[in-house]
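Listing of work-v2.pdb, PDB, C-alpha atoms
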```
ATOM      1  CA  MET A   1       0.000   0.000   0.000
ATOM      2  CA  LYS A   2       2.819   2.334   0.857
ATOM      3  CA  THR A   3       4.521   1.553  -2.479
ATOM      4  CA  ILE A   4       1.339   2.468  -4.369
ATOM      5  CA  ARG A   5       1.091   5.719  -2.455
ATOM      6  CA  ASN A   6       4.703   6.629  -3.249
ATOM      7  CA  ILE A   7       4.148   5.882  -6.939
ATOM      8  CA  PHE A   8       1.068   8.131  -6.924
ATOM      9  CA  ILE A   9       2.954  10.952  -5.219
ATOM     10  CA  SER A  10       5.819  10.629  -7.679
ATOM     11  CA  GLY A  11       3.359  10.951 -10.545
ATOM     12  CA  ILE A  12       1.870  14.100  -9.034
ATOM     13  CA  THR A  13       5.356  15.550  -8.601
ATOM     14  CA  ILE A  14       6.172  14.884 -12.283
ATOM     15  CA  ILE A  15       2.972  16.674 -13.342
ATOM     16  CA  ILE A  16       3.880  19.684 -11.216
ATOM     17  CA  LEU A  17       7.375  19.814 -12.651
ATOM     18  CA  ASN A  18       6.040  19.692 -16.202
ATOM     19  CA  SER A  19       3.479  22.423 -15.452
ATOM     20  CA  CYS A  20       6.212  24.740 -14.205
ATOM     21  CA  GLY A  21       7.732  24.739 -17.669
ATOM     22  CA  ASN A  22      11.414  24.751 -16.602
ATOM     23  CA  LYS A  23      14.126  22.287 -15.683
ATOM     24  CA  ASP A  24      14.414  23.439 -12.066
ATOM     25  CA  SER A  25      13.014  20.881  -9.669
ATOM     26  CA  ILE A  26      10.273  21.650  -7.200
ATOM     27  CA  THR A  27      10.297  20.058  -3.754
ATOM     28  CA  THR A  28       7.354  18.092  -2.449
ATOM     29  CA  TYR A  29       6.762  20.820   0.149
ATOM     30  CA  ARG A  30       3.555  22.665  -0.523
ATOM     31  CA  GLY A  31       2.830  25.749   1.515
ATOM     32  CA  LYS A  32      -0.071  28.089   1.932
ATOM     33  CA  VAL A  33      -0.250  31.855   1.595
ATOM     34  CA  LYS A  34      -1.164  33.487   4.890
ATOM     35  CA  PHE A  35      -1.874  37.019   6.113
ATOM     36  CA  GLU A  36      -1.977  38.505   9.584
ATOM     37  CA  THR A  37      -5.625  38.702  10.587
ATOM     38  CA  ILE A  38      -7.321  41.842  11.878
ATOM     39  CA  SER A  39     -10.465  41.920  14.015
ATOM     40  CA  ILE A  40     -12.265  45.246  14.370
ATOM     41  CA  SER A  41     -14.841  45.844  17.090
ATOM     42  CA  SER A  42     -16.471  48.743  18.916
ATOM     43  CA  LYS A  43     -15.798  49.844  22.491
ATOM     44  CA  LEU A  44     -19.409  50.983  22.866
ATOM     45  CA  ALA A  45     -22.794  49.413  22.281
ATOM     46  CA  GLY A  46     -25.009  50.815  19.566
ATOM     47  CA  ARG A  47     -27.111  50.113  16.507
ATOM     48  CA  ILE A  48     -25.391  49.808  13.130
ATOM     49  CA  ASN A  49     -26.663  52.740  11.111
ATOM     50  CA  LYS A  50     -24.566  52.331   7.973
ATOM     51  CA  ILE A  51     -21.931  49.934   6.608
ATOM     52  CA  TYR A  52     -19.775  51.499   3.911
ATOM     53  CA  VAL A  53     -17.805  48.448   2.725
ATOM     54  CA  GLU A  54     -18.489  44.983   1.377
ATOM     55  CA  GLU A  55     -16.899  41.613   1.964
ATOM     56  CA  GLY A  56     -13.816  41.161  -0.199
ATOM     57  CA  GLN A  57     -13.253  44.908  -0.552
ATOM     58  CA  GLU A  58      -9.811  46.374   0.009
ATOM     59  CA  VAL A  59      -9.640  49.531   2.123
ATOM     60  CA  LYS A  60      -6.954  52.007   3.115
ATOM     61  CA  LYS A  61      -5.892  53.025   6.594
ATOM     62  CA  GLY A  62      -8.301  55.672   7.924
ATOM     63  CA  ASP A  63     -11.232  54.670   5.699
ATOM     64  CA  THR A  64     -14.628  54.693   7.422
ATOM     65  CA  LEU A  65     -16.018  51.170   7.582
ATOM     66  CA  ALA A  66     -19.274  51.765   9.435
ATOM     67  CA  PHE A  67     -21.312  54.305  11.395
ATOM     68  CA  ILE A  68     -22.822  53.274  14.720
ATOM     69  CA  ASP A  69     -25.772  55.120  16.215
ATOM     70  CA  ILE A  70     -25.133  55.658  19.947
ATOM     71  CA  PRO A  71     -28.088  57.629  21.407
ATOM     72  CA  GLU A  72     -26.382  58.016  24.784
ATOM     73  CA  VAL A  73     -23.786  60.313  23.238
ATOM     74  CA  ASN A  74     -26.290  63.155  22.728
ATOM     75  CA  ALA A  75     -27.539  62.826  26.307
ATOM     76  CA  LYS A  76     -24.001  62.863  27.647
ATOM     77  CA  MET A  77     -23.193  65.893  25.514
ATOM     78  CA  THR A  78     -26.160  67.752  27.004
ATOM     79  CA  GLN A  79     -25.074  66.817  30.517
ATOM     80  CA  ALA A  80     -21.518  67.922  29.865
ATOM     81  CA  ASN A  81     -22.669  71.257  28.462
ATOM     82  CA  GLY A  82     -24.867  71.765  31.528
ATOM     83  CA  ALA A  83     -21.974  70.988  33.857
ATOM     84  CA  ILE A  84     -19.762  73.477  32.044
ATOM     85  CA  ARG A  85     -22.374  76.222  32.255
ATOM     86  CA  ALA A  86     -22.933  75.549  35.942
ATOM     87  CA  ALA A  87     -19.218  75.584  36.689
ATOM     88  CA  GLN A  88     -18.675  78.728  34.637
ATOM     89  CA  GLY A  89     -21.551  80.460  36.439
ATOM     90  CA  GLN A  90     -20.080  79.440  39.776
ATOM     91  CA  LEU A  91     -16.749  80.945  38.820
ATOM     92  CA  ASP A  92     -18.361  84.147  37.572
ATOM     93  CA  MET A  93     -20.314  84.485  40.777
ATOM     94  CA  ALA A  94     -17.139  83.975  42.813
ATOM     95  CA  PHE A  95     -15.685  87.039  41.171
ATOM     96  CA  ASN A  96     -18.785  89.184  40.772
ATOM     97  CA  GLY A  97     -21.108  88.214  43.612
ATOM     98  CA  ALA A  98     -24.827  87.564  43.183
ATOM     99  CA  THR A  99     -28.047  89.557  43.381
ATOM    100  CA  LYS A 100     -31.195  88.468  45.235
ATOM    101  CA  ASP A 101     -32.781  87.302  42.012
ATOM    102  CA  GLN A 102     -29.690  85.310  41.178
ATOM    103  CA  LEU A 103     -29.768  83.733  44.626
ATOM    104  CA  ASN A 104     -33.371  82.655  44.083
ATOM    105  CA  GLN A 105     -32.391  81.235  40.755
ATOM    106  CA  ILE A 106     -29.528  79.327  42.355
ATOM    107  CA  ASN A 107     -31.873  77.849  44.950
ATOM    108  CA  GLY A 108     -34.195  76.687  42.200
ATOM    109  CA  GLN A 109     -31.310  75.107  40.328
ATOM    110  CA  LEU A 110     -30.098  73.468  43.509
ATOM    111  CA  ASN A 111     -33.516  71.944  44.188
ATOM    112  CA  SER A 112     -33.591  70.599  40.651
ATOM    113  CA  GLY A 113     -30.049  69.304  41.007
ATOM    114  CA  ASN A 114     -30.879  67.506  44.254
ATOM    115  CA  ALA A 115     -33.861  65.847  42.582
ATOM    116  CA  GLN A 116     -31.643  64.673  39.749
ATOM    117  CA  LEU A 117     -29.069  63.439  42.257
ATOM    118  CA  GLU A 118     -31.647  61.373  44.153
ATOM    119  CA  PHE A 119     -32.828  59.839  40.899
ATOM    120  CA  ALA A 120     -29.220  59.088  39.913
ATOM    121  CA  LYS A 121     -28.594  57.443  43.300
ATOM    122  CA  GLU A 122     -31.658  55.217  42.956
ATOM    123  CA  SER A 123     -30.631  54.249  39.434
ATOM    124  CA  PHE A 124     -27.091  53.526  40.568
ATOM    125  CA  ASN A 125     -28.266  51.301  43.450
ATOM    126  CA  ARG A 126     -30.489  49.311  41.102
ATOM    127  CA  MET A 127     -27.783  48.936  38.466
ATOM    128  CA  GLN A 128     -25.179  48.038  41.099
ATOM    129  CA  ALA A 129     -27.295  45.111  42.228
ATOM    130  CA  MET A 130     -27.788  44.019  38.629
ATOM    131  CA  TYR A 131     -24.053  44.349  37.961
ATOM    132  CA  GLN A 132     -23.197  42.183  40.963
ATOM    133  CA  ASP A 133     -25.562  39.556  39.553
ATOM    134  CA  SER A 134     -23.830  39.860  36.127
ATOM    135  CA  LEU A 135     -27.053  41.073  34.480
ATOM    136  CA  ILE A 136     -25.430  44.132  32.902
ATOM    137  CA  SER A 137     -22.042  44.825  31.366
ATOM    138  CA  GLN A 138     -19.164  46.809  32.861
ATOM    139  CA  GLN A 139     -19.789  49.519  30.251
ATOM    140  CA  GLN A 140     -23.426  50.005  31.300
ATOM    141  CA  PHE A 141     -22.483  50.103  34.980
ATOM    142  CA  ASP A 142     -19.751  52.677  34.324
ATOM    143  CA  GLU A 143     -22.215  54.881  32.447
ATOM    144  CA  ILE A 144     -24.644  54.889  35.380
ATOM    145  CA  LYS A 145     -21.803  55.636  37.790
ATOM    146  CA  MET A 146     -20.671  58.518  35.589
ATOM    147  CA  LYS A 147     -24.184  59.968  35.634
ATOM    148  CA  LEU A 148     -24.211  59.742  39.435
ATOM    149  CA  ASP A 149     -20.824  61.447  39.678
ATOM    150  CA  MET A 150     -21.956  64.209  37.340
ATOM    151  CA  ALA A 151     -25.132  64.735  39.390
ATOM    152  CA  LYS A 152     -23.071  64.985  42.573
ATOM    153  CA  ALA A 153     -20.695  67.419  40.927
ATOM    154  CA  GLN A 154     -23.585  69.576  39.757
ATOM    155  CA  VAL A 155     -25.113  69.698  43.235
ATOM    156  CA  ASP A 156     -21.738  70.513  44.796
ATOM    157  CA  ALA A 157     -21.229  73.278  42.301
ATOM    158  CA  LEU A 158     -24.662  74.774  42.978
ATOM    159  CA  GLU A 159     -24.202  74.605  46.751
ATOM    160  CA  ALA A 160     -20.843  76.327  46.495
ATOM    161  CA  LYS A 161     -22.407  78.879  44.187
ATOM    162  CA  ARG A 162     -25.167  79.620  46.724
ATOM    163  CA  ASN A 163     -22.690  79.932  49.593
ATOM    164  CA  GLU A 164     -20.610  82.337  47.596
ATOM    165  CA  ALA A 165     -23.682  84.397  46.869
ATOM    166  CA  ILE A 166     -24.505  84.565  50.565
ATOM    167  CA  ASN A 167     -21.076  84.926  52.155
ATOM    168  CA  GLY A 168     -18.962  86.300  49.357
ATOM    169  CA  ALA A 169     -16.248  84.423  47.618
ATOM    170  CA  ARG A 170     -13.034  83.377  49.282
ATOM    171  CA  LYS A 171      -9.856  82.422  47.495
ATOM    172  CA  GLU A 172     -10.479  78.781  48.275
ATOM    173  CA  GLN A 173     -13.955  79.040  46.766
ATOM    174  CA  ILE A 174     -12.584  80.624  43.649
ATOM    175  CA  ASP A 175     -10.102  77.790  43.335
ATOM    176  CA  GLN A 176     -12.934  75.324  43.836
ATOM    177  CA  ALA A 177     -14.953  76.981  41.103
ATOM    178  CA  LYS A 178     -12.003  76.740  38.756
ATOM    179  CA  GLY A 179     -11.596  73.082  39.657
ATOM    180  CA  GLN A 180     -15.269  72.372  38.932
ATOM    181  CA  LEU A 181     -14.932  74.064  35.582
ATOM    182  CA  ASP A 182     -11.843  72.017  34.737
ATOM    183  CA  ARG A 183     -13.716  68.859  35.699
ATOM    184  CA  ALA A 184     -16.662  69.813  33.524
ATOM    185  CA  MET A 185     -14.342  70.511  30.607
ATOM    186  CA  GLY A 186     -12.749  67.115  31.138
ATOM    187  CA  ALA A 187     -16.184  65.490  31.018
ATOM    188  CA  MET A 188     -16.821  67.281  27.730
ATOM    189  CA  GLU A 189     -13.564  65.960  26.266
ATOM    190  CA  GLU A 190     -14.592  62.465  27.324
ATOM    191  CA  VAL A 191     -17.923  62.835  25.549
ATOM    192  CA  VAL A 192     -16.189  64.091  22.405
ATOM    193  CA  SER A 193     -13.893  61.065  22.536
ATOM    194  CA  VAL A 194     -16.896  58.761  22.873
ATOM    195  CA  SER A 195     -18.572  60.537  19.980
ATOM    196  CA  ASN A 196     -15.638  59.658  17.755
ATOM    197  CA  GLU A 197     -16.278  55.984  18.514
ATOM    198  CA  LYS A 198     -19.432  56.197  16.423
ATOM    199  CA  TYR A 199     -17.234  55.806  13.360
ATOM    200  CA  VAL A 200     -15.486  52.461  12.811
ATOM    201  CA  ILE A 201     -12.175  53.258  11.096
ATOM    202  CA  ALA A 202      -9.791  50.920   9.291
ATOM    203  CA  PRO A 203      -6.589  50.740  11.396
ATOM    204  CA  THR A 204      -4.408  49.808   8.395
ATOM    205  CA  ASP A 205      -4.534  48.825   4.735
ATOM    206  CA  MET A 206      -6.560  45.643   4.725
ATOM    207  CA  SER A 207      -8.924  43.328   2.903
ATOM    208  CA  VAL A 208     -12.359  42.975   4.484
ATOM    209  CA  GLU A 209     -13.142  39.264   4.559
ATOM    210  CA  THR A 210     -16.248  38.973   6.739
ATOM    211  CA  ILE A 211     -18.859  41.381   8.139
ATOM    212  CA  SER A 212     -20.595  39.898  11.162
ATOM    213  CA  LEU A 213     -23.713  42.082  11.351
ATOM    214  CA  LYS A 214     -26.078  43.938   9.042
ATOM    215  CA  GLU A 215     -27.430  47.476   9.110
ATOM    216  CA  GLY A 216     -30.043  47.918  11.815
ATOM    217  CA  GLU A 217     -28.643  45.206  14.068
ATOM    218  CA  LEU A 218     -27.307  45.863  17.558
ATOM    219  CA  LEU A 219     -23.578  45.813  18.203
ATOM    220  CA  SER A 220     -22.393  44.989  21.710
ATOM    221  CA  PRO A 221     -19.057  46.242  23.128
ATOM    222  CA  GLY A 222     -16.097  44.120  22.074
ATOM    223  CA  TYR A 223     -18.063  42.137  19.478
ATOM    224  CA  THR A 224     -16.059  41.745  16.262
ATOM    225  CA  LEU A 225     -17.822  43.525  13.420
ATOM    226  CA  PHE A 226     -15.157  43.166  10.726
ATOM    227  CA  ASN A 227     -12.581  40.445  10.102
ATOM    228  CA  GLY A 228      -9.894  40.904   7.505
ATOM    229  CA  TYR A 229      -6.307  40.492   6.413
ATOM    230  CA  GLU A 230      -3.515  43.031   6.586
ATOM    231  CA  LYS A 231      -2.348  43.127   2.968
ATOM    232  CA  SER A 232       1.247  44.059   3.769
ATOM    233  CA  SER A 233       1.720  41.120   6.157
ATOM    234  CA  VAL A 234       1.928  38.210   3.709
ATOM    235  CA  TYR A 235       3.850  35.117   4.831
ATOM    236  CA  PHE A 236       3.891  31.437   3.935
ATOM    237  CA  ARG A 237       3.287  28.366   6.072
ATOM    238  CA  PHE A 238       4.903  25.018   5.295
ATOM    239  CA  THR A 239       4.599  21.848   7.353
ATOM    240  CA  VAL A 240       7.370  19.255   7.386
ATOM    241  CA  PRO A 241       7.957  16.016   9.315
ATOM    242  CA  GLU A 242      10.811  15.657  11.764
ATOM    243  CA  SER A 243      12.742  13.490   9.288
ATOM    244  CA  LYS A 244      12.956  16.501   6.941
ATOM    245  CA  VAL A 245      13.078  19.443   9.357
ATOM    246  CA  TYR A 246      16.892  19.283   9.606
ATOM    247  CA  GLU A 247      17.070  20.351   5.970
ATOM    248  CA  PHE A 248      15.896  23.796   7.077
ATOM    249  CA  GLU A 249      17.103  26.424   9.517
ATOM    250  CA  VAL A 250      16.037  29.890  10.604
ATOM    251  CA  GLY A 251      17.421  32.513   8.243
ATOM    252  CA  LYS A 252      17.837  30.097   5.344
ATOM    253  CA  PRO A 253      16.943  31.719   2.000
ATOM    254  CA  LEU A 254      14.398  29.984  -0.209
ATOM    255  CA  THR A 255      13.015  30.484  -3.669
ATOM    256  CA  LEU A 256       9.254  30.066  -3.850
ATOM    257  CA  ILE A 257       7.130  29.614  -6.936
ATOM    258  CA  ASN A 258       3.438  30.037  -7.655
ATOM    259  CA  PRO A 259       2.397  26.844  -9.500
ATOM    260  CA  TYR A 260      -0.343  28.659 -11.376
ATOM    261  CA  THR A 261       1.275  31.935 -12.460
ATOM    262  CA  LYS A 262       4.868  30.590 -12.571
ATOM    263  CA  GLU A 263       5.952  33.686 -10.626
ATOM    264  CA  GLU A 264       8.964  33.283  -8.382
ATOM    265  CA  LEU A 265      10.016  35.233  -5.305
ATOM    266  CA  ASN A 266      12.820  35.193  -2.781
ATOM    267  CA  ALA A 267      12.011  34.403   0.828
ATOM    268  CA  LYS A 268      13.604  33.264   4.066
ATOM    269  CA  ILE A 269      12.656  31.166   7.058
ATOM    270  CA  VAL A 270      11.964  33.248  10.168
ATOM    271  CA  ALA A 271      10.646  30.583  12.535
ATOM    272  CA  ILE A 272      10.446  26.825  12.981
ATOM    273  CA  LYS A 273       8.077  25.439  15.598
ATOM    274  CA  GLN A 274       6.583  22.101  16.475
ATOM    275  CA  LEU A 275       2.881  21.652  15.893
ATOM    276  CA  ALA A 276       0.502  19.811  18.153
ATOM    277  CA  GLN A 277      -0.175  16.171  17.322
ATOM    278  CA  TYR A 278      -3.666  17.018  16.106
ATOM    279  CA  ALA A 279      -2.438  19.851  13.835
ATOM    280  CA  ASP A 280      -3.220  19.651  10.133
ATOM    281  CA  ILE A 281      -0.452  19.055   7.641
ATOM    282  CA  THR A 282      -0.385  21.595   4.830
ATOM    283  CA  SER A 283       0.479  19.124   2.090
ATOM    284  CA  THR A 284      -2.419  17.175   0.594
ATOM    285  CA  ALA A 285      -0.323  13.971   0.469
ATOM    286  CA  PRO A 286       2.348  14.232   3.177
ATOM    287  CA  LEU A 287       5.346  11.922   3.162
ATOM    288  CA  TYR A 288       5.721  11.186   6.851
ATOM    289  CA  GLU A 289       5.130   8.407   9.303
ATOM    290  CA  LEU A 290       2.312   8.709  11.800
ATOM    291  CA  SER A 291       4.824   8.487  14.650
ATOM    292  CA  GLU A 292       6.752  11.542  13.412
ATOM    293  CA  SER A 293       6.392  14.986  14.920
ATOM    294  CA  ILE A 294       5.266  17.746  12.580
ATOM    295  CA  TYR A 295       6.917  21.165  12.342
ATOM    296  CA  GLU A 296       5.808  24.429  10.821
ATOM    297  CA  LEU A 297       8.069  26.699   8.789
ATOM    298  CA  LYS A 298       7.113  30.353   8.770
ATOM    299  CA  VAL A 299       8.545  31.927   5.642
ATOM    300  CA  VAL A 300       8.429  35.611   4.739
ATOM    301  CA  PRO A 301       9.225  37.216   1.369
ATOM    302  CA  THR A 302      12.416  39.238   1.139
ATOM    303  CA  SER A 303      11.313  41.038  -2.012
ATOM    304  CA  ILE A 304       7.968  41.407  -3.762
ATOM    305  CA  TYR A 305       7.702  43.177  -7.070
ATOM    306  CA  THR A 306       4.907  45.629  -7.727
ATOM    307  CA  GLY A 307       1.741  43.991  -8.915
ATOM    308  CA  GLN A 308       2.444  40.536  -7.509
ATOM    309  CA  LEU A 309      -0.783  39.170  -6.043
ATOM    310  CA  PHE A 310      -1.343  36.736  -3.214
ATOM    311  CA  TYR A 311      -4.586  35.168  -2.066
ATOM    312  CA  ALA A 312      -5.126  33.724   1.369
ATOM    313  CA  ASN A 313      -4.643  29.942   1.582
ATOM    314  CA  ALA A 314      -3.451  29.693  -2.047
ATOM    315  CA  THR A 315      -0.771  27.075  -2.761
ATOM    316  CA  ILE A 316       2.906  28.023  -2.923
ATOM    317  CA  LEU A 317       5.858  25.686  -3.640
ATOM    318  CA  ILE A 318       9.541  25.606  -2.703
ATOM    319  CA  LYS A 319      11.950  25.602  -5.615
ATOM    320  CA  GLU A 320      15.167  23.673  -5.102
TER     321      GLU A 320
END
```
Show the structure stored in the file as structure tokens.
Amino acid sequence: MKTIRNIFISGITIIILNSCGNKDSITTYRGKVKFETISISSKLAGRINKIYVEEGQEVKKGDTLAFIDIPEVNAKMTQANGAIRAAQGQLDMAFNGATKDQLNQINGQLNSGNAQLEFAKESFNRMQAMYQDSLISQQQFDEIKMKLDMAKAQVDALEAKRNEAINGARKEQIDQAKGQLDRAMGAMEEVVSVSNEKYVIAPTDMSVETISLKEGELLSPGYTLFNGYEKSSVYFRFTVPESKVYEFEVGKPLTLINPYTKEELNAKIVAIKQLAQYADITSTAPLYELSESIYELKVVPTSIYTGQLFYANATILIKE
């Protein structure tokens, strides 16, 4: 049986040699073209509003891949703007003092702020219990906590503003007002940063292979929306048995050939590692005993001429 198999393999090798159209021999080692994979996800939950690319499309670094609708961003923007106005008013009052009408207005704002704070506390307590029971994500819990912190900050700012109106501003109060304003500005920068997350951007030149969701579907944080290959990261994977692995060494130059286009390229071995016993052999008809260990050669091109194309998992051969 083994003799028949060897005869069959020899016949296949002769066919390959004839198809290459030259007198140079080709080894029995068949490799596969590989690319470094890229997975693109979102840090925030939202609904997919628009997908701008298709599967199989090549994109450039910085291209917009999708737009995600995140309703919470607008609410957070409104809250941040309110915090900035409150902090700015507190600072102005520290310098200018307040009239009776302004004091009444401050008291009204403070009452409203306290109501919002109580609501935020109740929401936080409910969400905290749900978070401890793993019913909500870390992202959702952090958002509720941020709302509570912002409500507390607003109430603190209004109380300080009222005290300043009554007692007059001290240097410490002025510094506090400045600190509240800085905090509010920081919250605004955070919201702007979150707003930028609505756009899914290509991190590098890549080929989009799969798109996990469709327009209108919900995207959860960390869920991979796009899978693809980095086009500039081509390498080749060969598998060899232990009886042949000593023919190779890291840094050894190789000449590879595409059996279909007859194109050749120079490459070198950058890594040799043992594969697990259950690992697949790249060759369709491997010449190795079942008791042999299997090793993987990672080979990278040393020069690629312009216009040379590679497709993932296409066959590549070693030229002797």
> By how many Å are CA of Phe67 (chain A) and CA of Ser207 (chain A) apart?
Replying inline: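 A separation of 18.6 Å between them.
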> So how many Å separate CA of Gly186 (chain A) and CA of Asp142 (chain A), to one decimal?
Replying inline: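 Atom-to-atom, CA of Gly186 (chain A) to CA of Asp142 (chain A), that is 16.4 Å.
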>> Residue by residue, what does the PyMOL selection byres ((chain A and resi 47) around 12) grab here? Present the result as a PyMOL selection string.
In response: chain A and resi 42+44-46+48-51+66-72+198-199+213-221+225
>> Need to verify the contact set: Glu296 (chain A), 6 Å, all atoms listed in the file, exclusion of same-chain residues closer than 3 positions in sequence. Can you return it as number ranges by chain?
In response: A: 238-239, 272-273
Hey, can you spit out that residue selection with C-alpha atoms as an mmCIF file, in the frame of the given file?
```cif
data_model
loop_
_atom_site.group_PDB
_atom_site.id
_atom_site.type_symbol
_atom_site.label_atom_id
_atom_site.label_comp_id
_atom_site.auth_asym_id
_atom_site.auth_seq_id
_atom_site.Cartn_x
_atom_site.Cartn_y
_atom_site.Cartn_z
ATOM 1 C CA PHE A 238 4.903 25.018 5.295
ATOM 2 C CA THR A 239 4.599 21.848 7.353
ATOM 3 C CA ILE A 272 10.446 26.825 12.981
ATOM 4 C CA LYS A 273 8.077 25.439 15.598
#
```
> Just how far from CA of Tyr131 (chain A) is CA of Thr224 (chain A), in Å to one decimal?
Replying inline: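 So the answer is 23.3 Å.
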>> Would you pick out the contacts of Glu264 (chain A) at 12 Å or less, using only C-alpha atoms, so that residues sharing its chain but fewer than 3 positions from it are not included, and give the list as a PyMOL selection string?
In response: chain A and resi 20+24+26+254-261+267+301-305+308-309+316-320
> Quick one: residues within 8 Å of Ile211 (chain A), only C-alpha atoms counted, chain neighbours fewer than 4 positions away excluded, as a PyMOL selection string?
Replying inline: chain A and resi 54-55+225-227
Those residues with C-alpha atoms, as a short mmCIF file (atom, residue, chain, number, x, y, z; two decimals), in the frame of the given file please?
```
data_model
loop_
_atom_site.label_atom_id
_atom_site.label_comp_id
_atom_site.auth_asym_id
_atom_site.auth_seq_id
_atom_site.Cartn_x
_atom_site.Cartn_y
_atom_site.Cartn_z
CA GLU A 54 -18.49 44.98 1.38
CA GLU A 55 -16.90 41.61 1.96
CA LEU A 225 -17.82 43.52 13.42
CA PHE A 226 -15.16 43.17 10.73
CA ASN A 227 -12.58 40.44 10.10
#
```
>> As a check of understanding, name the residues that the PyMOL selection byres ((chain A and resi 86) around 9) selects in the supplied structure, as a list in words.
In response: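 Applying the PyMOL selection byres ((chain A and resi 86) around 9) to the structure shown produces Asn81, Gly82, Ala83, Ile84, Arg85, Ala87, Gln88, Gly89, Gln90, Leu91, Gln154, Ala157, Leu158, Lys161, Gln180, Leu181 and Ala184 of chain A.
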> Given the file above and the PyMOL selection byres ((chain A and resi 124) around 9), which residues are selected, and can you give them as a PyMOL selection string?
Replying inline: chain A and resi 119-123+125-129+141+144-145+147-148
> Restricting the calculation to only C-alpha atoms, which member of A:Ser137, A:Ser293, A:Thr210, A:Asn114 is positioned closest to Gly222 (chain A)?
Replying inline: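 Distance minimum relative to Gly222 (chain A) lands on A:Ser137.
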> With only C-alpha atoms as the atoms that count, which of A:Gln132, A:Gln57, A:Gln140, A:Gln176 lies nearest to Met206 (chain A)?
Replying inline: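 So, comparing all the options, the nearest one is A:Gln57.
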> Using all atoms listed in the file, which of the listed residues (A:Leu265, A:Val299, A:Leu275, A:Ile201) sits closest to Phe248 (chain A)?
Replying inline: A:Val299
